[in-house]
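Visitor: I am sharing structure.cif, which consists of mmCIF, C-alpha atoms and all ligand atoms:
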```
data_data
#
loop_
_atom_site.label_atom_id
_atom_site.label_comp_id
_atom_site.auth_asym_id
_atom_site.auth_seq_id
_atom_site.Cartn_x
_atom_site.Cartn_y
_atom_site.Cartn_z
CA MET A 1 110.46 153.08 17.78
CA ALA A 2 110.61 151.27 21.11
CA GLY A 3 113.97 149.78 20.18
CA GLU A 4 115.50 153.25 19.91
CA ARG A 5 114.68 154.33 23.40
CA VAL A 6 117.80 154.72 25.49
CA ASN A 7 118.14 152.32 28.40
CA LEU A 8 118.89 154.48 31.43
CA LEU A 9 119.92 151.58 33.62
CA GLY A 10 123.59 151.94 34.49
CA LEU A 11 124.16 155.27 32.77
CA PRO A 12 126.78 157.02 34.90
CA ARG A 13 125.51 160.22 36.52
CA ALA A 14 127.31 162.60 34.15
CA GLU A 15 125.85 160.82 31.13
CA LEU A 16 122.37 160.78 32.59
CA GLU A 17 122.60 164.51 33.29
CA ALA A 18 123.73 165.13 29.72
CA PHE A 19 120.89 162.95 28.45
CA VAL A 20 118.11 164.79 30.30
CA ALA A 21 119.62 168.13 29.27
CA THR A 22 120.00 167.43 25.57
CA ARG A 23 116.97 165.22 24.95
CA LEU A 24 114.49 166.80 27.34
CA GLY A 25 115.90 170.21 28.13
CA ALA A 26 115.82 169.31 31.83
CA LYS A 27 118.06 170.47 34.67
CA PRO A 28 120.70 168.14 36.18
CA PHE A 29 118.68 167.63 39.36
CA ARG A 30 116.14 165.70 37.27
CA ALA A 31 118.87 163.15 36.59
CA ARG A 32 119.53 162.89 40.29
CA GLN A 33 115.86 162.31 41.01
CA LEU A 34 115.79 159.61 38.37
CA MET A 35 118.80 157.87 39.89
CA LYS A 36 117.13 157.78 43.30
CA TRP A 37 114.09 156.17 41.78
CA ILE A 38 116.01 153.64 39.76
CA TYR A 39 118.57 152.51 42.34
CA ARG A 40 117.20 153.34 45.77
CA ARG A 41 113.58 152.53 45.15
CA GLY A 42 114.10 150.02 42.38
CA ALA A 43 111.63 151.64 39.97
CA ALA A 44 111.63 150.50 36.36
CA ASP A 45 108.51 152.37 35.33
CA PHE A 46 108.48 156.14 34.81
CA ALA A 47 104.80 156.26 35.73
CA ALA A 48 105.70 155.28 39.29
CA MET A 49 108.04 158.24 39.74
CA THR A 50 105.45 160.43 41.38
CA ASP A 51 107.59 163.42 42.27
CA LEU A 52 108.41 164.01 38.60
CA ALA A 53 105.98 166.18 36.65
CA GLN A 54 103.50 164.25 34.57
CA ASP A 55 104.76 165.97 31.42
CA PHE A 56 108.33 165.09 32.09
CA ARG A 57 107.41 161.47 32.74
CA SER A 58 105.55 161.08 29.49
CA GLN A 59 108.33 162.79 27.53
CA LEU A 60 110.79 160.48 29.21
CA SER A 61 108.93 157.35 28.27
CA GLU A 62 109.08 158.38 24.62
CA VAL A 63 112.86 158.59 24.51
CA ALA A 64 114.00 156.38 27.35
CA ARG A 65 113.32 153.12 29.13
CA ILE A 66 114.61 151.15 32.06
CA ALA A 67 115.19 147.64 30.79
CA VAL A 68 116.34 144.95 33.20
CA PRO A 69 117.33 141.38 32.43
CA GLU A 70 114.77 138.69 33.10
CA ILE A 71 115.18 136.04 35.78
CA VAL A 72 114.57 132.60 34.29
CA ALA A 73 115.49 130.47 37.29
CA GLU A 74 116.33 130.82 40.93
CA GLN A 75 117.99 128.28 43.19
CA VAL A 76 118.51 128.57 46.93
CA SER A 77 121.26 126.62 48.66
CA ASN A 78 121.01 124.96 52.07
CA ASP A 79 123.40 127.62 53.33
CA GLY A 80 121.21 130.49 52.08
CA THR A 81 123.26 131.24 48.97
CA ARG A 82 121.03 132.13 46.03
CA LYS A 83 121.75 131.78 42.36
CA TRP A 84 119.79 133.40 39.57
CA MET A 85 119.97 132.53 35.93
CA LEU A 86 119.27 135.64 33.87
CA ARG A 87 118.19 135.67 30.26
CA MET A 88 120.36 137.90 28.10
CA ASP A 89 118.66 137.21 24.77
CA GLU A 90 116.82 134.29 23.15
CA VAL A 91 119.56 131.80 23.87
CA GLN A 92 122.14 133.23 26.24
CA GLY A 93 122.00 133.04 30.00
CA ILE A 94 124.34 134.24 32.73
CA GLU A 95 124.44 133.64 36.46
CA THR A 96 124.49 135.92 39.48
CA VAL A 97 125.04 134.67 43.03
CA TYR A 98 124.12 136.18 46.39
CA ILE A 99 126.10 135.02 49.42
CA PRO A 100 124.69 136.02 52.83
CA GLU A 101 126.98 136.14 55.84
CA PRO A 102 126.23 137.35 59.35
CA ASP A 103 128.00 140.66 58.85
CA ARG A 104 127.55 141.25 55.13
CA GLY A 105 125.83 140.25 51.92
CA THR A 106 127.99 139.74 48.85
CA LEU A 107 126.67 139.79 45.33
CA CYS A 108 128.84 137.95 42.83
CA ILE A 109 128.16 139.27 39.34
CA SER A 110 129.10 138.32 35.78
CA SER A 111 130.76 140.54 33.20
CA GLN A 112 130.54 138.40 30.06
CA VAL A 113 128.46 135.62 28.55
CA GLY A 114 131.02 132.85 28.96
CA CYS A 115 134.71 133.60 29.10
CA ALA A 116 137.60 133.45 26.66
CA MET A 117 140.46 133.15 29.14
CA ASP A 118 140.40 129.36 29.03
CA CYS A 119 141.62 128.66 32.57
CA SER A 120 141.88 124.90 32.75
CA PHE A 121 140.15 124.45 36.15
CA CYS A 122 137.15 126.74 35.54
CA SER A 123 133.79 125.54 34.37
CA THR A 124 132.88 128.84 32.70
CA ALA A 125 135.88 128.35 30.42
CA GLN A 126 134.40 125.11 29.16
CA GLN A 127 131.35 126.98 27.92
CA GLY A 128 133.44 129.14 25.63
CA PHE A 129 132.81 132.82 25.02
CA ASN A 130 129.88 134.57 23.43
CA ARG A 131 129.91 138.28 24.15
CA ASN A 132 130.50 141.11 26.58
CA LEU A 133 127.65 142.22 28.81
CA SER A 134 126.46 145.80 28.37
CA VAL A 135 126.56 148.31 31.22
CA ALA A 136 122.81 147.82 31.71
CA GLU A 137 123.22 144.04 31.85
CA ILE A 138 125.93 144.36 34.49
CA VAL A 139 124.10 146.90 36.63
CA GLY A 140 120.86 145.02 35.97
CA GLN A 141 122.16 142.08 38.00
CA VAL A 142 122.45 144.30 41.06
CA TRP A 143 119.11 145.95 40.37
CA LEU A 144 117.38 142.57 40.21
CA ALA A 145 119.10 141.20 43.30
CA HIS A 146 118.05 144.33 45.17
CA ARG A 147 114.47 143.80 44.11
CA GLU A 148 114.54 140.15 45.10
CA LEU A 149 116.30 140.66 48.42
CA GLY A 150 114.84 143.92 49.63
CA GLU A 151 116.95 146.94 50.48
CA ALA A 152 120.29 147.16 52.23
CA ARG A 153 121.24 143.56 52.06
CA ILE A 154 123.91 143.89 49.40
CA THR A 155 126.94 145.29 51.19
CA ASN A 156 129.61 144.06 48.76
CA ILE A 157 129.81 143.46 45.03
CA VAL A 158 132.45 141.20 43.51
CA PHE A 159 133.16 140.56 39.83
CA MET A 160 133.71 136.87 40.43
CA GLY A 161 130.91 135.46 38.34
CA MET A 162 131.20 134.51 34.69
CA GLY A 163 133.70 136.30 32.49
CA GLU A 164 136.90 138.31 32.68
CA PRO A 165 135.89 141.83 33.77
CA LEU A 166 139.02 143.54 32.46
CA ALA A 167 138.35 142.10 29.01
CA ASN A 168 135.09 144.08 29.12
CA TYR A 169 136.70 147.19 30.56
CA ARG A 170 134.56 149.57 28.49
CA ASN A 171 131.35 148.43 30.20
CA VAL A 172 132.64 147.27 33.56
CA VAL A 173 134.11 150.65 34.57
CA PRO A 174 130.89 152.67 34.01
CA ALA A 175 128.95 149.97 35.88
CA MET A 176 131.36 150.29 38.81
CA ARG A 177 130.84 154.05 38.83
CA THR A 178 127.14 153.43 39.45
CA PHE A 179 127.98 151.00 42.26
CA LEU A 180 130.12 153.68 43.92
CA ASP A 181 127.88 156.70 43.22
CA ASP A 182 126.01 157.87 46.31
CA LEU A 183 122.88 158.13 44.19
CA GLY A 184 123.60 154.69 42.77
CA TYR A 185 124.38 151.81 45.14
CA ASP A 186 126.57 154.01 47.32
CA LEU A 187 129.24 151.40 48.08
CA SER A 188 132.72 152.33 49.23
CA ARG A 189 135.68 151.43 47.02
CA ARG A 190 136.68 148.69 49.41
CA ARG A 191 133.35 146.96 48.96
CA VAL A 192 133.54 146.65 45.19
CA THR A 193 136.06 144.02 44.11
CA LEU A 194 137.24 143.37 40.61
CA SER A 195 138.77 139.94 40.14
CA THR A 196 141.02 139.38 37.14
CA SER A 197 143.05 136.57 35.65
CA GLY A 198 145.78 139.14 35.01
CA LEU A 199 145.23 141.52 32.10
CA VAL A 200 148.22 143.70 32.86
CA PRO A 201 147.62 146.75 30.63
CA GLN A 202 144.08 147.08 31.95
CA ILE A 203 145.32 146.91 35.56
CA TYR A 204 147.42 150.03 34.88
CA LYS A 205 144.47 151.71 33.24
CA LEU A 206 142.16 150.86 36.11
CA ALA A 207 144.67 152.30 38.60
CA GLU A 208 144.24 155.65 36.85
CA GLU A 209 140.51 155.57 36.33
CA CYS A 210 138.60 153.69 38.99
CA ASN A 211 140.25 152.55 42.15
CA VAL A 212 138.27 149.62 43.49
CA ALA A 213 139.57 146.63 45.45
CA LEU A 214 141.62 144.31 43.28
CA ALA A 215 141.70 140.52 43.39
CA VAL A 216 144.04 138.59 41.12
CA SER A 217 143.72 134.95 40.18
CA LEU A 218 147.28 133.79 40.74
CA HIS A 219 146.84 130.02 41.22
CA ALA A 220 150.51 129.14 40.68
CA PRO A 221 153.84 130.36 42.09
CA ASN A 222 155.87 129.96 38.88
CA ASP A 223 155.36 130.66 35.19
CA GLU A 224 155.66 127.08 34.06
CA LEU A 225 152.67 126.00 36.11
CA ARG A 226 150.70 129.22 35.66
CA ASN A 227 151.06 129.02 31.88
CA GLU A 228 149.11 125.81 32.10
CA LEU A 229 146.44 126.84 34.58
CA VAL A 230 145.89 130.44 33.50
CA PRO A 231 146.94 130.71 29.83
CA ILE A 232 146.99 134.54 29.79
CA ASN A 233 150.20 134.10 31.79
CA ARG A 234 151.99 133.29 28.53
CA LYS A 235 151.33 136.84 27.48
CA HIS A 236 151.72 138.52 30.87
CA PRO A 237 153.99 136.41 33.10
CA ILE A 238 153.99 136.55 36.89
CA ALA A 239 156.75 139.14 37.35
CA GLU A 240 154.99 141.57 35.01
CA LEU A 241 151.65 140.92 36.70
CA LEU A 242 153.01 141.50 40.20
CA THR A 243 154.68 144.75 39.15
CA ALA A 244 151.30 145.94 37.89
CA CYS A 245 149.68 144.91 41.18
CA TRP A 246 152.18 146.83 43.32
CA HIS A 247 151.70 149.85 41.11
CA TYR A 248 147.94 149.55 41.57
CA ILE A 249 148.34 149.55 45.35
CA ASP A 250 150.76 152.50 45.26
CA MET A 251 148.00 154.45 43.55
CA GLN A 252 145.46 153.75 46.27
CA ASN A 253 147.34 154.28 49.55
CA GLY A 254 148.05 151.28 51.52
CA ARG A 255 145.50 148.61 50.84
CA SER A 256 146.44 145.19 49.52
CA VAL A 257 145.76 142.94 46.57
CA THR A 258 143.93 139.71 47.30
CA PHE A 259 145.51 136.85 45.40
CA GLU A 260 143.23 133.94 44.72
CA TYR A 261 144.75 130.50 44.70
CA VAL A 262 142.65 127.47 43.84
CA MET A 263 143.83 124.33 45.65
CA LEU A 264 144.23 121.52 43.11
CA ASP A 265 145.21 118.13 44.44
CA GLY A 266 148.77 117.21 43.45
CA VAL A 267 149.03 120.14 41.02
CA ASN A 268 149.80 123.37 42.87
CA ASP A 269 149.31 122.40 46.53
CA LYS A 270 152.73 121.11 47.61
CA PRO A 271 154.77 122.67 50.43
CA GLU A 272 157.33 123.71 47.84
CA HIS A 273 154.66 125.76 46.06
CA ALA A 274 153.75 127.50 49.30
CA ARG A 275 157.40 128.41 49.89
CA GLN A 276 157.76 129.76 46.34
CA LEU A 277 154.62 131.82 46.84
CA ALA A 278 155.88 133.23 50.12
CA LYS A 279 159.05 134.40 48.35
CA LEU A 280 156.95 136.22 45.74
CA LEU A 281 154.62 137.93 48.19
CA LYS A 282 156.53 138.45 51.42
CA GLY A 283 156.79 142.09 52.45
CA ARG A 284 154.31 143.12 49.76
CA PRO A 285 150.81 144.52 50.13
CA ALA A 286 149.30 141.11 49.48
CA LYS A 287 146.83 138.71 51.03
CA LEU A 288 146.29 135.21 49.83
CA ASN A 289 142.89 133.60 49.58
CA LEU A 290 143.06 129.83 49.23
CA ILE A 291 140.03 128.44 47.40
CA PRO A 292 139.28 124.73 47.72
CA PHE A 293 138.69 123.55 44.16
CA ASN A 294 135.03 123.13 43.25
CA MET A 295 134.19 120.18 41.06
CA PHE A 296 132.21 120.33 37.85
CA PRO A 297 131.40 117.67 35.27
CA GLY A 298 134.25 116.75 32.97
CA THR A 299 137.08 118.27 35.01
CA ARG A 300 140.32 116.40 35.39
CA TYR A 301 141.16 118.11 38.70
CA ARG A 302 140.42 117.14 42.27
CA ARG A 303 140.19 119.25 45.40
CA SER A 304 143.24 119.17 47.66
CA PRO A 305 142.62 117.30 50.92
CA ALA A 306 141.80 119.54 53.88
CA ALA A 307 145.08 118.68 55.58
CA ALA A 308 147.08 119.81 52.55
CA ILE A 309 145.18 123.12 52.44
CA LEU A 310 145.78 123.77 56.14
CA LYS A 311 149.45 122.94 55.81
CA PHE A 312 149.77 125.21 52.77
CA ARG A 313 148.19 128.06 54.72
CA ASP A 314 150.47 127.48 57.71
CA ILE A 315 153.63 127.55 55.60
CA LEU A 316 152.53 130.87 54.12
CA ASN A 317 151.64 132.34 57.50
CA ASP A 318 154.92 131.12 59.00
CA ASN A 319 156.75 132.81 56.15
CA GLY A 320 155.13 136.18 56.71
CA VAL A 321 152.28 136.04 54.19
CA ILE A 322 148.67 136.39 55.33
CA ALA A 323 146.67 133.50 53.93
CA THR A 324 143.07 132.54 54.59
CA ILE A 325 140.92 129.70 53.34
CA ARG A 326 137.75 130.64 51.50
CA ARG A 327 134.73 128.86 52.84
CA THR A 328 132.88 127.10 50.06
CA ARG A 329 129.36 128.43 49.65
CA GLY A 330 126.46 127.26 47.53
CA ASP A 331 128.15 124.21 46.05
CA ASP A 332 124.94 122.17 46.35
CA ILE A 333 123.41 124.42 43.68
CA ASP A 334 126.59 124.79 41.60
CA ALA A 335 126.97 128.38 42.71
CA ALA A 336 130.50 128.11 44.11
CA CYS A 337 133.60 129.70 42.56
CA GLY A 338 134.24 128.36 39.10
CA GLN A 339 130.96 126.47 38.86
CA LEU A 340 128.94 129.09 37.01
CA ALA A 341 128.12 127.82 33.58
CA GLY A 342 125.07 129.78 32.46
CA ARG A 343 123.90 129.16 28.94
CA VAL A 344 126.49 130.12 26.40
CA THR A 345 126.71 129.62 22.68
CA ASP A 346 130.43 129.59 22.03
CA ARG A 347 131.36 132.09 19.34
CA THR A 348 135.12 131.91 19.58
CA LEU A 349 136.63 131.29 16.21
CA VAL A 350 138.39 128.04 16.88
CA ARG A 351 137.62 125.48 19.47
CA LEU A 352 139.62 122.36 19.06
CA GLY A 353 139.12 120.87 22.47
CA THR A 354 142.77 121.48 23.16
CA LYS A 355 144.40 124.49 24.69
CA LEU A 356 144.59 127.51 22.47
CA THR A 357 146.93 130.40 22.95
CA PRO A 358 145.20 133.22 24.80
CA VAL A 359 146.05 135.59 21.99
CA ALA A 360 143.99 133.59 19.53
CA ARG A 361 141.02 133.81 21.85
CA ALA A 362 141.44 137.36 23.12
CA PRO A 363 137.88 138.52 23.82
CA ALA A 364 138.25 142.01 22.38
CA GLU A 365 138.75 140.59 18.90
CA VAL A 366 135.87 138.19 19.09
CA ARG A 367 132.56 139.88 18.66
N1 LIG A 401 137.75 136.09 35.48
C1 LIG A 401 137.93 136.53 36.85
C2 LIG A 401 136.76 136.10 37.73
C3 LIG A 401 136.69 134.60 37.84
S1 LIG A 401 135.85 133.74 39.08
C4 LIG A 401 139.21 135.96 37.39
O1 LIG A 401 139.82 135.13 36.73
O2 LIG A 401 139.62 136.36 38.47
C5 LIG A 401 136.51 134.06 40.62
C6 LIG A 401 137.56 133.07 41.13
O3 LIG A 401 137.15 131.70 41.11
C7 LIG A 401 138.82 133.16 40.32
O4 LIG A 401 139.93 133.28 41.14
C8 LIG A 401 138.82 131.83 39.62
O5 LIG A 401 140.09 131.47 39.20
C9 LIG A 401 138.25 130.92 40.67
N2 LIG A 401 137.82 129.62 40.15
C10 LIG A 401 137.56 129.28 38.88
N3 LIG A 401 137.20 128.00 38.78
C11 LIG A 401 137.24 127.49 40.01
C12 LIG A 401 136.93 126.21 40.57
N4 LIG A 401 136.51 125.22 39.79
N5 LIG A 401 137.06 126.04 41.89
C13 LIG A 401 137.45 127.07 42.68
N6 LIG A 401 137.73 128.30 42.22
C14 LIG A 401 137.63 128.51 40.91
#
```
As structure tokens, please, write out the structure in this file.

Guide:
Amino acid sequence: MAGERVNLLGLPRAELEAFVATRLGAKPFRARQLMKWIYRRGAADFAAMTDLAQDFRSQLSEVARIAVPEIVAEQVSNDGTRKWMLRMDEVQGIETVYIPEPDRGTLCISSQVGCAMDCSFCSTAQQGFNRNLSVAEIVGQVWLAHRELGEARITNIVFMGMGEPLANYRNVVPAMRTFLDDLGYDLSRRRVTLSTSGLVPQIYKLAEECNVALAVSLHAPNDELRNELVPINRKHPIAELLTACWHYIDMQNGRSVTFEYVMLDGVNDKPEHARQLAKLLKGRPAKLNLIPFNMFPGTRYRRSPAAAILKFRDILNDNGVIATIRRTRGDDIDAACGQLAGRVTDRTLVRLGTKLTPVARAPAEVR
């Protein structure tokens, strides 16, 4: 019986209203009260919701529950960054990272157990892919961080943890609605960022359905190099990807796409690459975020020297493209970009230890 109770965590407002109406014959304002309890006050127990009638609470607990993931480990970095490992089932674990800064607190969340995109410089890719996270598992990361941190300290949410969020579109979009909802986490669209390796059809879809800030993992200024670093490029090459990005920005009046560019020593960090990039992005609604490569065991890449990164940035800036260098946070606890490994049982069909075409590993087909 317990297994059939609906998990209310992350249900978008309209669905929660429909749920209380059809299952409990309750008015929509009951759903709104529930949301305040769940997200503002962090309640997971109906019994604690004291302004709801006793009857309603006991009826609720028969048909519904609020189930959050379990924290199995926490690590705190010297710089204050925190990383939680969350249990998703008996074997799987994902990671969520909180990055405090003087003027904001950013929560970096995961969208999948592992990842199927197979980017050659990312440690999550080495784990393989297991499954998509549910809406409750995505929202649950924020719920838990809220509980652990106390209120009002999460000012930004970024989908830059494990997984490719646009490959889990079905669950990521409802989760984002709860982040934006004023009875949910009440964040503005600019403070919720979806980062993607470049799933072009889903970028168009997102432009129509849920306009949050967009970050795109570019990492190379030409297709030859990007095919190698970000294999989905073979399916959706740079020109196609950029067209989708400009369309996305057209739909949301005047903001810009943040392009992420990992700095790999001797691979994509030469002055020539910076000039090619400037040609692609000049005059466009684009910002570039240069990410010093973060090491992980078994990688063949090295971080570009600081001087090369500074020079790269200067060439871009001199050529009319805004570029900034991302400060590395939490690398002493393996919480930096691309270091999240979690605990993943790879379920992709073939894993030969060599590069596979992205089509063969497309996450939607692998369940
Ligand atoms: N799947 C999403 C989210 C990935 S993580 C995406 O591809 O955008 C967020 C950023 O960290 C991405 O830009 C990713 O390419 C980058 N990244 C991955 N591995 C990295 C590493 N080892 N060092 C630095 N950045 C890395």

Visitor: Kindly list the centre and edge lengths in Å, rounded to one decimal, for the axis-aligned box that covers all listed atoms of ligand LIG 401 (chain A) plus 4 Å on each of its six sides, as lines of an AutoDock Vina configuration file.

Guide:
```
center_x = 138.0
center_y = 130.9
center_z = 39.1
size_x = 12.2
size_y = 19.3
size_z = 15.2
```

Visitor: When you draw a straight line from atom CA of A:Pro297 to atom CA of A:Gln126, how long is it in Å?

Guide: 10.1 Å

Visitor: Report as JSON, numbers by chain which protein, DNA and RNA residues come within 6 Å of ligand LIG 401 (chain A), using only C-alpha atoms and all ligand atoms.

Guide: {"A": [121, 122, 160, 161, 163, 164, 195, 196, 197, 216, 217, 260, 262, 291, 292, 293, 294, 295, 337, 338, 339]}

Visitor: How about saving the chosen residues, C-alpha atoms kept, as a PDB file, in the coordinates of the input?

Guide:
```pdb
ATOM      1  CA  PHE A 121     140.150 124.450  36.150  1.00  0.00           C
ATOM      2  CA  CYS A 122     137.150 126.740  35.540  1.00  0.00           C
ATOM      3  CA  MET A 160     133.710 136.870  40.430  1.00  0.00           C
ATOM      4  CA  GLY A 161     130.910 135.460  38.340  1.00  0.00           C
ATOM      5  CA  GLY A 163     133.700 136.300  32.490  1.00  0.00           C
ATOM      6  CA  GLU A 164     136.900 138.310  32.680  1.00  0.00           C
ATOM      7  CA  SER A 195     138.770 139.940  40.140  1.00  0.00           C
ATOM      8  CA  THR A 196     141.020 139.380  37.140  1.00  0.00           C
ATOM      9  CA  SER A 197     143.050 136.570  35.650  1.00  0.00           C
ATOM     10  CA  VAL A 216     144.040 138.590  41.120  1.00  0.00           C
ATOM     11  CA  SER A 217     143.720 134.950  40.180  1.00  0.00           C
ATOM     12  CA  GLU A 260     143.230 133.940  44.720  1.00  0.00           C
ATOM     13  CA  VAL A 262     142.650 127.470  43.840  1.00  0.00           C
ATOM     14  CA  ILE A 291     140.030 128.440  47.400  1.00  0.00           C
ATOM     15  CA  PRO A 292     139.280 124.730  47.720  1.00  0.00           C
ATOM     16  CA  PHE A 293     138.690 123.550  44.160  1.00  0.00           C
ATOM     17  CA  ASN A 294     135.030 123.130  43.250  1.00  0.00           C
ATOM     18  CA  MET A 295     134.190 120.180  41.060  1.00  0.00           C
ATOM     19  CA  CYS A 337     133.600 129.700  42.560  1.00  0.00           C
ATOM     20  CA  GLY A 338     134.240 128.360  39.100  1.00  0.00           C
ATOM     21  CA  GLN A 339     130.960 126.470  38.860  1.00  0.00           C
TER      22      GLN A 339
END
```

Visitor: With distances taken over all atoms listed in the file, which residue among A:Asp265, A:Leu242, A:Gly330, A:Ile325 lies nearest A:Pro285?

Guide: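 Closest to A:Pro285 of all the choices is A:Leu242.
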
Visitor: Looking at all atoms listed in the file, which of A:Asp103, A:Glu137, A:Val212, A:Gly93 is the one that sits closest to A:Pro69?

Guide: A:Glu137

Visitor: With distances taken over only C-alpha atoms, which residue among A:Gln276, A:Gln252, A:Thr178, A:Asn171 lies nearest A:Asn222?

Guide: A:Gln276

Visitor: Show me, as a ChimeraX atom specification, the residues that have an atom within 8 Å of stretch 139-155 of chain A when counting only C-alpha atoms, minus same-chain residues fewer than 5 positions from it.

Guide: /A:9-10,39-40,42,68-69,96,98,104-107,109,175,178-179,187,191

Visitor: Find the spatial neighbours of A:Thr193, counting only C-alpha atoms, within a cut-off of 10 Å - ignore same-chain residues fewer than 6 positions away - and output them as a compact mmCIF listing (two decimals) with C-alpha atoms, in the coordinates of the input.

Guide:
```txt
# COMPACT_ATOMS: atom_id res chain seq x y z
CA CYS A 108 128.84 137.95 42.83
CA ASN A 156 129.61 144.06 48.76
CA ILE A 157 129.81 143.46 45.03
CA VAL A 158 132.45 141.20 43.51
CA PHE A 159 133.16 140.56 39.83
CA MET A 160 133.71 136.87 40.43
CA MET A 176 131.36 150.29 38.81
CA ASN A 211 140.25 152.55 42.15
CA VAL A 212 138.27 149.62 43.49
CA ALA A 213 139.57 146.63 45.45
CA LEU A 214 141.62 144.31 43.28
CA ALA A 215 141.70 140.52 43.39
CA THR A 258 143.93 139.71 47.30
```

Visitor: Between A:Val192, A:Ala64, A:Ala44, A:Ile99, which has the minimum distance to A:Thr328 (counting all atoms listed in the file)?

Guide: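 Comparing A:Val192, A:Ala64, A:Ala44, A:Ile99 against A:Thr328, the winner is A:Ile99.
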
Visitor: Please write as an mmCIF file with C-alpha atoms, in the frame of the given file the list of polymer residues whose atoms come within 10 Å of (112.5, 157.8, 37.4), counting all atoms listed in the file and keeping to the coordinates of the file.

Guide:
```cif
data_model
loop_
_atom_site.group_PDB
_atom_site.id
_atom_site.type_symbol
_atom_site.label_atom_id
_atom_site.label_comp_id
_atom_site.auth_asym_id
_atom_site.auth_seq_id
_atom_site.Cartn_x
_atom_site.Cartn_y
_atom_site.Cartn_z
ATOM 1 C CA LEU A 8 118.890 154.480 31.430
ATOM 2 C CA ARG A 30 116.140 165.700 37.270
ATOM 3 C CA ALA A 31 118.870 163.150 36.590
ATOM 4 C CA ARG A 32 119.530 162.890 40.290
ATOM 5 C CA GLN A 33 115.860 162.310 41.010
ATOM 6 C CA LEU A 34 115.790 159.610 38.370
ATOM 7 C CA MET A 35 118.800 157.870 39.890
ATOM 8 C CA LYS A 36 117.130 157.780 43.300
ATOM 9 C CA TRP A 37 114.090 156.170 41.780
ATOM 10 C CA ILE A 38 116.010 153.640 39.760
ATOM 11 C CA TYR A 39 118.570 152.510 42.340
ATOM 12 C CA ARG A 41 113.580 152.530 45.150
ATOM 13 C CA GLY A 42 114.100 150.020 42.380
ATOM 14 C CA ALA A 43 111.630 151.640 39.970
ATOM 15 C CA ALA A 44 111.630 150.500 36.360
ATOM 16 C CA ASP A 45 108.510 152.370 35.330
ATOM 17 C CA PHE A 46 108.480 156.140 34.810
ATOM 18 C CA ALA A 47 104.800 156.260 35.730
ATOM 19 C CA ALA A 48 105.700 155.280 39.290
ATOM 20 C CA MET A 49 108.040 158.240 39.740
ATOM 21 C CA THR A 50 105.450 160.430 41.380
ATOM 22 C CA ASP A 51 107.590 163.420 42.270
ATOM 23 C CA LEU A 52 108.410 164.010 38.600
ATOM 24 C CA PHE A 56 108.330 165.090 32.090
ATOM 25 C CA ARG A 57 107.410 161.470 32.740
ATOM 26 C CA LEU A 60 110.790 160.480 29.210
ATOM 27 C CA SER A 61 108.930 157.350 28.270
ATOM 28 C CA ARG A 65 113.320 153.120 29.130
ATOM 29 C CA ILE A 66 114.610 151.150 32.060
#
```

Visitor: Counting only C-alpha atoms, which residues of stretch 223-339 of chain A sit at most 12 Å from some atom of stretch 71-91 of chain A, and what is each one's closest atom pair with its distance in Å to one decimal, listed by chain and rising residue number, as a Markdown table?

Guide:
```
| residue | atom | partner | partner_atom | distance |
| --- | --- | --- | --- | --- |
| A:Arg327 | CA | A:Asp79 | CA | 11.4 |
| A:Thr328 | CA | A:Asp79 | CA | 10.0 |
| A:Arg329 | CA | A:Thr81 | CA | 6.8 |
| A:Gly330 | CA | A:Thr81 | CA | 5.3 |
| A:Asp331 | CA | A:Ser77 | CA | 7.8 |
| A:Asp332 | CA | A:Ser77 | CA | 6.2 |
| A:Ile333 | CA | A:Ser77 | CA | 5.9 |
| A:Asp334 | CA | A:Lys83 | CA | 8.5 |
| A:Ala335 | CA | A:Lys83 | CA | 6.2 |
| A:Ala336 | CA | A:Thr81 | CA | 9.3 |
| A:Gln339 | CA | A:Lys83 | CA | 11.2 |
```

Visitor: Point out the residue among A:Arg131, A:Arg284, A:Arg347, A:Arg326 with the least atom-to-atom distance to A:Trp246, counting all atoms listed in the file.

Guide: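 Answer, going by the shortest atom-to-atom distance: A:Arg284.
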
Visitor: At a cut-off of 8 Å, using only C-alpha atoms, what residues contact A:Val113? Leave out same-chain residues fewer than 3 positions from it and give the result as a ChimeraX atom specification.

Guide: /A:92-94,110,129-133,162-163,342-344

Visitor: Residues proximal to (149.6, 119.1, 43.4) were defined as those with any atom within 12 Å of that point in the file's coordinates, counting all atoms listed in the file. Which are they, as a list in words?

Guide: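 All residues meeting the 12 Å criterion around (149.6, 119.1, 43.4) are His219, Ala220, Leu225, Val262, Met263, Leu264, Asp265, Gly266, Val267, Asn268, Asp269, Lys270, Pro271, Glu272, His273, Ala274, Phe293, Tyr301, Arg302, Arg303, Ser304, Pro305, Ala308, Ile309 and Phe312 of chain A.
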
Visitor: If I take atom CA of A:Leu24 and atom CA of A:Ala136, how far is one from the other in Å, to one decimal?

Guide: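 Computing it gives 21.2 Å between the two atoms.
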
Visitor: Excluding A:Val63 and residues on its chain fewer than 4 positions from it, collect all residues at most 12 Å away from it, counting only C-alpha atoms, and give them as a CSV table (one decimal) with C-alpha atoms, in the coordinates of the input.

Guide:
```
chain,number,residue,atom,x,y,z
A,1,MET,CA,110.5,153.1,17.8
A,2,ALA,CA,110.6,151.3,21.1
A,3,GLY,CA,114.0,149.8,20.2
A,4,GLU,CA,115.5,153.2,19.9
A,5,ARG,CA,114.7,154.3,23.4
A,6,VAL,CA,117.8,154.7,25.5
A,7,ASN,CA,118.1,152.3,28.4
A,8,LEU,CA,118.9,154.5,31.4
A,19,PHE,CA,120.9,163.0,28.4
A,20,VAL,CA,118.1,164.8,30.3
A,22,THR,CA,120.0,167.4,25.6
A,23,ARG,CA,117.0,165.2,25.0
A,24,LEU,CA,114.5,166.8,27.3
A,46,PHE,CA,108.5,156.1,34.8
A,56,PHE,CA,108.3,165.1,32.1
A,57,ARG,CA,107.4,161.5,32.7
A,58,SER,CA,105.6,161.1,29.5
A,59,GLN,CA,108.3,162.8,27.5
```
